[in-house]
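What's in coords14.txt: compact mmCIF, N, CA and C atoms
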```
# COMPACT_ATOMS: atom_id res chain seq x y z
N MET A 121 -75.88 -9.45 -61.65
CA MET A 121 -76.55 -10.57 -61.00
C MET A 121 -77.71 -10.06 -60.18
N ASN A 122 -78.83 -10.66 -60.37
CA ASN A 122 -79.96 -10.24 -59.53
C ASN A 122 -79.97 -11.04 -58.24
N SER A 123 -80.86 -10.68 -57.36
CA SER A 123 -80.87 -11.30 -56.03
C SER A 123 -81.25 -12.78 -56.08
N LEU A 124 -82.05 -13.18 -57.05
CA LEU A 124 -82.42 -14.59 -57.18
C LEU A 124 -81.20 -15.44 -57.56
N GLU A 125 -80.39 -14.96 -58.49
CA GLU A 125 -79.17 -15.67 -58.87
C GLU A 125 -78.17 -15.73 -57.72
N GLN A 126 -78.08 -14.64 -56.98
CA GLN A 126 -77.18 -14.61 -55.83
C GLN A 126 -77.62 -15.62 -54.77
N ALA A 127 -78.92 -15.71 -54.54
CA ALA A 127 -79.44 -16.67 -53.55
C ALA A 127 -79.17 -18.10 -54.00
N GLU A 128 -79.34 -18.38 -55.29
CA GLU A 128 -79.06 -19.72 -55.81
C GLU A 128 -77.57 -20.05 -55.69
N ASP A 129 -76.73 -19.08 -56.00
CA ASP A 129 -75.28 -19.30 -55.86
C ASP A 129 -74.90 -19.56 -54.41
N LEU A 130 -75.49 -18.82 -53.51
CA LEU A 130 -75.19 -19.01 -52.09
C LEU A 130 -75.64 -20.38 -51.62
N LYS A 131 -76.82 -20.83 -52.07
CA LYS A 131 -77.30 -22.16 -51.69
C LYS A 131 -76.39 -23.25 -52.25
N ALA A 132 -75.94 -23.09 -53.49
CA ALA A 132 -75.04 -24.07 -54.08
C ALA A 132 -73.70 -24.10 -53.33
N PHE A 133 -73.23 -22.92 -52.96
CA PHE A 133 -71.99 -22.84 -52.19
C PHE A 133 -72.14 -23.51 -50.83
N GLU A 134 -73.26 -23.28 -50.16
CA GLU A 134 -73.50 -23.90 -48.86
C GLU A 134 -73.59 -25.41 -48.97
N ARG A 135 -74.24 -25.92 -50.03
CA ARG A 135 -74.31 -27.37 -50.23
C ARG A 135 -72.92 -27.97 -50.44
N ARG A 136 -72.12 -27.32 -51.26
CA ARG A 136 -70.77 -27.81 -51.52
C ARG A 136 -69.91 -27.76 -50.27
N LEU A 137 -70.05 -26.69 -49.51
CA LEU A 137 -69.30 -26.56 -48.26
C LEU A 137 -69.73 -27.61 -47.25
N THR A 138 -71.01 -27.90 -47.18
CA THR A 138 -71.52 -28.94 -46.28
C THR A 138 -70.96 -30.30 -46.66
N GLU A 139 -70.90 -30.59 -47.96
CA GLU A 139 -70.31 -31.85 -48.42
C GLU A 139 -68.84 -31.93 -48.02
N TYR A 140 -68.13 -30.84 -48.20
CA TYR A 140 -66.71 -30.80 -47.87
C TYR A 140 -66.49 -31.03 -46.38
N ILE A 141 -67.29 -30.40 -45.55
CA ILE A 141 -67.15 -30.53 -44.10
C ILE A 141 -67.47 -31.96 -43.67
N HIS A 142 -68.49 -32.57 -44.26
CA HIS A 142 -68.81 -33.94 -43.91
C HIS A 142 -67.70 -34.91 -44.30
N CYS A 143 -66.99 -34.60 -45.37
CA CYS A 143 -65.85 -35.44 -45.76
C CYS A 143 -64.70 -35.31 -44.77
N LEU A 144 -64.57 -34.14 -44.14
CA LEU A 144 -63.48 -33.91 -43.18
C LEU A 144 -63.76 -34.51 -41.81
N GLN A 145 -65.00 -34.75 -41.46
CA GLN A 145 -65.36 -35.15 -40.10
C GLN A 145 -64.66 -36.41 -39.61
N PRO A 146 -64.60 -37.52 -40.36
CA PRO A 146 -63.91 -38.71 -39.82
C PRO A 146 -62.43 -38.45 -39.52
N ALA A 147 -61.74 -37.79 -40.43
CA ALA A 147 -60.32 -37.50 -40.21
C ALA A 147 -60.14 -36.53 -39.05
N THR A 148 -61.04 -35.56 -38.94
CA THR A 148 -60.96 -34.60 -37.84
C THR A 148 -61.13 -35.30 -36.50
N GLY A 149 -62.03 -36.26 -36.43
CA GLY A 149 -62.23 -37.00 -35.18
C GLY A 149 -60.99 -37.77 -34.77
N ARG A 150 -60.32 -38.36 -35.74
CA ARG A 150 -59.08 -39.09 -35.43
C ARG A 150 -57.99 -38.13 -34.96
N TRP A 151 -57.86 -36.98 -35.62
CA TRP A 151 -56.85 -36.01 -35.20
C TRP A 151 -57.15 -35.47 -33.80
N ARG A 152 -58.43 -35.23 -33.51
CA ARG A 152 -58.80 -34.76 -32.18
C ARG A 152 -58.47 -35.80 -31.12
N MET A 153 -58.76 -37.06 -31.41
CA MET A 153 -58.45 -38.12 -30.46
C MET A 153 -56.94 -38.23 -30.23
N LEU A 154 -56.17 -38.15 -31.30
CA LEU A 154 -54.71 -38.19 -31.17
C LEU A 154 -54.21 -37.02 -30.33
N LEU A 155 -54.75 -35.83 -30.57
CA LEU A 155 -54.34 -34.66 -29.80
C LEU A 155 -54.70 -34.81 -28.32
N ILE A 156 -55.86 -35.35 -28.04
CA ILE A 156 -56.27 -35.56 -26.65
C ILE A 156 -55.35 -36.56 -25.96
N VAL A 157 -55.07 -37.67 -26.63
CA VAL A 157 -54.22 -38.71 -26.03
C VAL A 157 -52.82 -38.17 -25.76
N VAL A 158 -52.23 -37.49 -26.73
CA VAL A 158 -50.87 -36.96 -26.54
C VAL A 158 -50.86 -35.87 -25.47
N SER A 159 -51.91 -35.05 -25.42
CA SER A 159 -51.98 -34.01 -24.39
C SER A 159 -52.09 -34.60 -22.99
N VAL A 160 -52.90 -35.64 -22.84
CA VAL A 160 -53.04 -36.29 -21.53
C VAL A 160 -51.72 -36.97 -21.14
N CYS A 161 -51.06 -37.60 -22.10
CA CYS A 161 -49.76 -38.21 -21.81
C CYS A 161 -48.75 -37.15 -21.38
N THR A 162 -48.74 -36.02 -22.06
CA THR A 162 -47.81 -34.95 -21.71
C THR A 162 -48.12 -34.40 -20.33
N ALA A 163 -49.39 -34.20 -20.02
CA ALA A 163 -49.77 -33.68 -18.71
C ALA A 163 -49.41 -34.67 -17.60
N THR A 164 -49.66 -35.94 -17.84
CA THR A 164 -49.31 -36.97 -16.85
C THR A 164 -47.80 -37.03 -16.64
N GLY A 165 -47.07 -37.02 -17.74
CA GLY A 165 -45.61 -37.04 -17.64
C GLY A 165 -45.08 -35.79 -16.94
N ALA A 166 -45.68 -34.64 -17.22
CA ALA A 166 -45.25 -33.40 -16.57
C ALA A 166 -45.50 -33.45 -15.07
N TRP A 167 -46.63 -34.02 -14.68
CA TRP A 167 -46.94 -34.14 -13.25
C TRP A 167 -45.91 -35.02 -12.56
N ASN A 168 -45.62 -36.17 -13.16
CA ASN A 168 -44.62 -37.07 -12.58
C ASN A 168 -43.23 -36.43 -12.56
N TRP A 169 -42.94 -35.66 -13.57
CA TRP A 169 -41.65 -34.98 -13.65
C TRP A 169 -41.53 -33.91 -12.55
N LEU A 170 -42.62 -33.19 -12.32
CA LEU A 170 -42.59 -32.11 -11.33
C LEU A 170 -42.59 -32.61 -9.89
N ILE A 171 -43.25 -33.73 -9.62
CA ILE A 171 -43.30 -34.21 -8.23
C ILE A 171 -42.09 -35.06 -7.85
N ASP A 172 -41.25 -35.38 -8.82
CA ASP A 172 -40.05 -36.16 -8.53
C ASP A 172 -39.04 -35.30 -7.77
N PRO A 173 -38.61 -35.73 -6.58
CA PRO A 173 -37.66 -34.92 -5.80
C PRO A 173 -36.29 -34.80 -6.48
N GLU A 174 -35.95 -35.75 -7.34
CA GLU A 174 -34.67 -35.69 -8.04
C GLU A 174 -34.62 -34.55 -9.07
N THR A 175 -35.78 -34.10 -9.51
CA THR A 175 -35.84 -33.05 -10.53
C THR A 175 -35.15 -31.78 -10.06
N GLN A 176 -35.28 -31.46 -8.80
CA GLN A 176 -34.70 -30.24 -8.25
C GLN A 176 -33.19 -30.36 -8.05
N LYS A 177 -32.70 -31.57 -7.95
CA LYS A 177 -31.29 -31.79 -7.59
C LYS A 177 -30.36 -31.94 -8.80
N VAL A 178 -30.91 -32.29 -9.94
CA VAL A 178 -30.09 -32.55 -11.11
C VAL A 178 -30.31 -31.46 -12.15
N SER A 179 -29.48 -31.47 -13.18
CA SER A 179 -29.63 -30.47 -14.25
C SER A 179 -30.89 -30.74 -15.06
N PHE A 180 -31.27 -29.75 -15.83
CA PHE A 180 -32.49 -29.83 -16.63
C PHE A 180 -32.44 -31.02 -17.60
N PHE A 181 -31.36 -31.15 -18.34
CA PHE A 181 -31.26 -32.23 -19.33
C PHE A 181 -31.17 -33.60 -18.67
N THR A 182 -30.52 -33.69 -17.54
CA THR A 182 -30.50 -34.96 -16.80
C THR A 182 -31.89 -35.31 -16.31
N SER A 183 -32.61 -34.30 -15.88
CA SER A 183 -33.98 -34.52 -15.44
C SER A 183 -34.86 -35.03 -16.58
N LEU A 184 -34.70 -34.44 -17.76
CA LEU A 184 -35.46 -34.93 -18.92
C LEU A 184 -35.03 -36.35 -19.29
N TRP A 185 -33.75 -36.64 -19.16
CA TRP A 185 -33.26 -37.98 -19.46
C TRP A 185 -33.83 -39.01 -18.48
N ASN A 186 -34.05 -38.59 -17.23
CA ASN A 186 -34.62 -39.48 -16.22
C ASN A 186 -36.12 -39.71 -16.39
N HIS A 187 -36.77 -38.89 -17.21
CA HIS A 187 -38.22 -39.01 -17.43
C HIS A 187 -38.51 -39.11 -18.93
N PRO A 188 -38.23 -40.27 -19.52
CA PRO A 188 -38.39 -40.42 -20.97
C PRO A 188 -39.85 -40.33 -21.43
N PHE A 189 -40.79 -40.75 -20.58
CA PHE A 189 -42.21 -40.68 -20.97
C PHE A 189 -42.61 -39.23 -21.22
N PHE A 190 -42.25 -38.35 -20.31
CA PHE A 190 -42.56 -36.93 -20.48
C PHE A 190 -41.82 -36.35 -21.67
N THR A 191 -40.56 -36.68 -21.80
CA THR A 191 -39.75 -36.13 -22.88
C THR A 191 -40.30 -36.52 -24.25
N ILE A 192 -40.62 -37.78 -24.41
CA ILE A 192 -41.13 -38.27 -25.70
C ILE A 192 -42.51 -37.70 -25.99
N SER A 193 -43.38 -37.67 -24.99
CA SER A 193 -44.72 -37.14 -25.23
C SER A 193 -44.68 -35.64 -25.51
N CYS A 194 -43.78 -34.93 -24.86
CA CYS A 194 -43.65 -33.49 -25.10
C CYS A 194 -43.12 -33.22 -26.51
N ILE A 195 -42.13 -33.97 -26.93
CA ILE A 195 -41.59 -33.83 -28.28
C ILE A 195 -42.65 -34.18 -29.31
N THR A 196 -43.43 -35.22 -29.03
CA THR A 196 -44.51 -35.61 -29.94
C THR A 196 -45.55 -34.51 -30.06
N LEU A 197 -45.94 -33.91 -28.94
CA LEU A 197 -46.92 -32.83 -28.95
C LEU A 197 -46.41 -31.62 -29.74
N ILE A 198 -45.17 -31.27 -29.52
CA ILE A 198 -44.58 -30.15 -30.26
C ILE A 198 -44.52 -30.48 -31.75
N GLY A 199 -44.14 -31.71 -32.07
CA GLY A 199 -44.09 -32.14 -33.47
C GLY A 199 -45.46 -32.10 -34.14
N LEU A 200 -46.49 -32.50 -33.40
CA LEU A 200 -47.85 -32.45 -33.96
C LEU A 200 -48.27 -31.02 -34.26
N PHE A 201 -47.92 -30.10 -33.39
CA PHE A 201 -48.28 -28.70 -33.65
C PHE A 201 -47.49 -28.13 -34.82
N PHE A 202 -46.23 -28.51 -34.95
CA PHE A 202 -45.46 -28.07 -36.12
C PHE A 202 -46.00 -28.70 -37.40
N ALA A 203 -46.58 -29.88 -37.30
CA ALA A 203 -47.17 -30.55 -38.46
C ALA A 203 -48.53 -29.97 -38.83
N GLY A 204 -49.09 -29.14 -37.97
CA GLY A 204 -50.36 -28.48 -38.29
C GLY A 204 -51.59 -29.15 -37.74
N ILE A 205 -51.47 -29.88 -36.64
CA ILE A 205 -52.64 -30.56 -36.09
C ILE A 205 -53.70 -29.56 -35.64
N HIS A 206 -53.29 -28.38 -35.21
CA HIS A 206 -54.25 -27.38 -34.77
C HIS A 206 -55.15 -26.95 -35.94
N LYS A 207 -54.63 -26.93 -37.13
CA LYS A 207 -55.44 -26.59 -38.30
C LYS A 207 -56.40 -27.71 -38.65
N ARG A 208 -55.94 -28.95 -38.51
CA ARG A 208 -56.77 -30.10 -38.85
C ARG A 208 -57.91 -30.30 -37.85
N VAL A 209 -57.70 -29.87 -36.62
CA VAL A 209 -58.71 -30.06 -35.58
C VAL A 209 -59.73 -28.93 -35.60
N VAL A 210 -59.29 -27.71 -35.84
CA VAL A 210 -60.16 -26.55 -35.72
C VAL A 210 -60.82 -26.16 -37.04
N ALA A 211 -60.19 -26.42 -38.16
CA ALA A 211 -60.67 -25.95 -39.45
C ALA A 211 -62.11 -26.35 -39.77
N PRO A 212 -62.52 -27.60 -39.60
CA PRO A 212 -63.90 -27.95 -39.97
C PRO A 212 -64.95 -27.18 -39.16
N SER A 213 -64.64 -26.77 -37.96
CA SER A 213 -65.62 -26.00 -37.20
C SER A 213 -65.57 -24.51 -37.55
N MET A 214 -64.48 -24.07 -38.18
CA MET A 214 -64.35 -22.66 -38.55
C MET A 214 -65.07 -22.34 -39.85
N TYR A 215 -65.15 -23.27 -40.79
CA TYR A 215 -65.77 -22.99 -42.08
C TYR A 215 -67.22 -22.54 -41.95
N PRO A 216 -68.06 -23.24 -41.19
CA PRO A 216 -69.45 -22.77 -41.07
C PRO A 216 -69.55 -21.39 -40.42
N LEU A 217 -68.68 -21.09 -39.48
CA LEU A 217 -68.72 -19.78 -38.84
C LEU A 217 -68.38 -18.68 -39.84
N ARG A 218 -67.42 -18.93 -40.71
CA ARG A 218 -67.07 -17.94 -41.73
C ARG A 218 -68.20 -17.74 -42.71
N VAL A 219 -68.87 -18.82 -43.09
CA VAL A 219 -69.98 -18.70 -44.04
C VAL A 219 -71.11 -17.89 -43.42
N GLU A 220 -71.42 -18.14 -42.14
CA GLU A 220 -72.46 -17.36 -41.48
C GLU A 220 -72.08 -15.89 -41.43
N PHE A 221 -70.83 -15.61 -41.11
CA PHE A 221 -70.38 -14.22 -41.02
C PHE A 221 -70.51 -13.51 -42.35
N TYR A 222 -70.04 -14.16 -43.43
CA TYR A 222 -70.08 -13.52 -44.74
C TYR A 222 -71.49 -13.45 -45.30
N SER A 223 -72.34 -14.40 -44.97
CA SER A 223 -73.71 -14.34 -45.49
C SER A 223 -74.54 -13.28 -44.77
N LEU A 224 -74.15 -12.92 -43.55
CA LEU A 224 -74.86 -11.86 -42.84
C LEU A 224 -74.47 -10.48 -43.34
N ASN A 225 -73.27 -10.36 -43.88
CA ASN A 225 -72.81 -9.03 -44.33
C ASN A 225 -73.17 -8.76 -45.76
```
Mind turning this structure into structure tokens?
Amino acid sequence: MNSLEQAEDLKAFERRLTEYIHCLQPATGRWRMLLIVVSVCTATGAWNWLIDPETQKVSFFTSLWNHPFFTISCITLIGLFFAGIHKRVVAPSMYPLRVEFYSLN
């Protein structure tokens, strides 16, 4: 392959990658919004859980039972990470960085 063919292949690859990333953007925005909402709910629930004076007096599981908002939001956040939300949120921004890295080398 000569350098002209390589340049054409790289341009075609970049165009296809750009199309792919643009297709991911709407879904990525929704996943980011969901992650933000669940994270804020978890943080708010954690704050309320920590400032409650009863938290120090009862067992851990009783404390979680007394704060269902925190418990549910925390379980939801953990479930989202096990489902791979971190990949869905970060992946579209990682593809262009990888292409730049490999095209420079």
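Excluding Ala166 (chain A) and any residue on its chain fewer than 5 positions from it, the residues at most 6 Å away by only N, CA and C atoms are Cys161, Ile171 and Phe190 of chain A.
Taking CA of Lys207 (chain A) as the reference point, CA of Ile195 (chain A) is found at 18.6 Å.
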_So that I can see what lies close to Cys194 (chain A), please list as a PyMOL selection string the residues with an atom at most 8 Å from it, counting only N, CA and C atoms and leaving out residues fewer than 6 positions away in the same chain._
chain A and resi 158+161-163+165-166+188+200
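Proximity ranking of A:Leu155, A:Thr164, A:Leu130, A:Thr138 relative to Phe189 (chain A) places A:Thr164 first, based on only N, CA and C atoms.
The coordinates place CA of Trp167 (chain A) at 16.5 Å from atom C of Ser179 (chain A).
Proximity of A:Arg208, A:Lys131, A:His187, A:Arg136 to Asn168 (chain A), computed with only N, CA and C atoms, is greatest for A:His187.
As for atom N of Leu197 (chain A) and atom N of Ser159 (chain A), they are spaced 7.0 Å apart.
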